[in-house]
Amino acid sequence: AAVEQLRTYANIIGLPLEVAMTPSEMKAACARLSQRDVILIDTAGRSPSDGGRIEELGRYLDAAKPHETHLVLSSASSEKVMVAAAERFGVARPDKVIFTKLDESVGFGVLINAARAIGMRLSFLTTGQEVPDHLEAGCPRRLASLVLGEELQR
């Protein structure tokens, strides 16, 4: 179902979509899109407890050779869960973090603690289910204002 949703978005904005079911298909898809300014790769969600699927993810990323990799973490999780997930997904060599589901979080201080513990720059925040309306750049000042009590606007 996620592929069909991505296909719908791609059609709406007039951009190509490639689906890769193997690392070799990933490499070929990246080659076909190599003249594009930006290639966004959305991988299937994986449990941090499934080492085999995480290793598989590493093979896909090795084939894609991305310039940057973003780890997506739910802000509704505890700091301990987020830090453990970051450690387990280390094979993906993420360099930035996206905190999602701020609308489901009961506090935001945990996000600062987690970001500091995992040592990645914040790239984006999501504040709801509507794309792109509930997606915003991950500005440290914005996160700090949420910790200090600013209302979450959606």
# chains A, B, ... in the order shown; residues from 1 in each chain; ligands from 1

$ residues_around --residues "Glu18 in chain A" --least-positions-apart "5" --cutoff "12 Å" --atoms "only C-alpha atoms" --output "JSON, numbers by chain"
{"A": [3, 4, 6, 7, 10, 25, 26, 27, 28, 29, 30, 31, 32, 33, 39, 40, 41, 42, 43]}

$ residues_around --residues "Gly58 in chain A" --least-positions-apart "2" --cutoff "9 Å" --atoms "only C-alpha atoms" --output "list of chain:residue names"
A:Arg53, A:Ile54, A:Glu55, A:Glu56, A:Tyr60, A:Leu61, A:Asp62, A:Ala63, A:Phe89, A:Val91, A:Ala92, A:Arg93

$ closest_residue --among "A:Glu151, A:Ala137, A:Ile98, A:Val38" --to "Ser74 in chain A" --atoms "only C-alpha atoms"
A:Ile98

$ select_by_dssp --residues "chain A" --states "strand (DSSP E)" --output "list of chain:residue names"
A:His70, A:Leu71, A:Val72, A:Leu73, A:Ser74, A:Lys96, A:Val97, A:Ile98, A:Phe99, A:Thr100, A:Arg121, A:Leu122, A:Ser123, A:Phe124, A:Leu125, A:Thr126, A:Leu135, A:Glu136, A:Ala137

$ atom_distance --atom1 "CA of Thr8 in chain A" --atom2 "CA of Leu125 in chain A"
22.6 Å

$ closest_residue --among "A:Leu135, A:Val97, A:Ala76, A:Ala85" --to "Arg121 in chain A" --atoms "only C-alpha atoms"
A:Val97

$ closest_residue --among "A:Lys65, A:Arg142, A:Lys96, A:Lys80" --to "Asn113 in chain A" --atoms "only C-alpha atoms"
A:Lys80

$ residues_around --residues "Thr100 in chain A" --least-positions-apart "5" --cutoff "8 Å" --atoms "only C-alpha atoms" --output "list in words"
Val72, Leu73, Ser74, Ser75, Leu125, Thr126 and Thr127 of chain A

$ select_by_dssp --residues "chain A" --states "alpha helix (DSSP H)" --output "PyMOL selection string"
chain A and resi 2-13+23-32+51-64+79-88+109-118+140-147

$ residues_around --residues "Glu79 in chain A" --least-positions-apart "4" --cutoff "10 Å" --atoms "only C-alpha atoms" --output "PyMOL selection string"
chain A and resi 75+83-85+109-115+117

$ residues_around --residues "Glu150 in chain A" --least-positions-apart "5" --cutoff "12 Å" --atoms "only C-alpha atoms" --output "ChimeraX atom specification"
/A:107-108,141-145

$ residues_around --residues "Pro94 in chain A" --least-positions-apart "6" --cutoff "6 Å" --atoms "only C-alpha atoms" --output "count of residues only"
3

$ atom_distance --atom1 "CA of Val106 in chain A" --atom2 "CA of Gln129 in chain A"
16.9 Å

$ atom_distance --atom1 "CA of Arg88 in chain A" --atom2 "CA of Pro66 in chain A"
19.0 Å
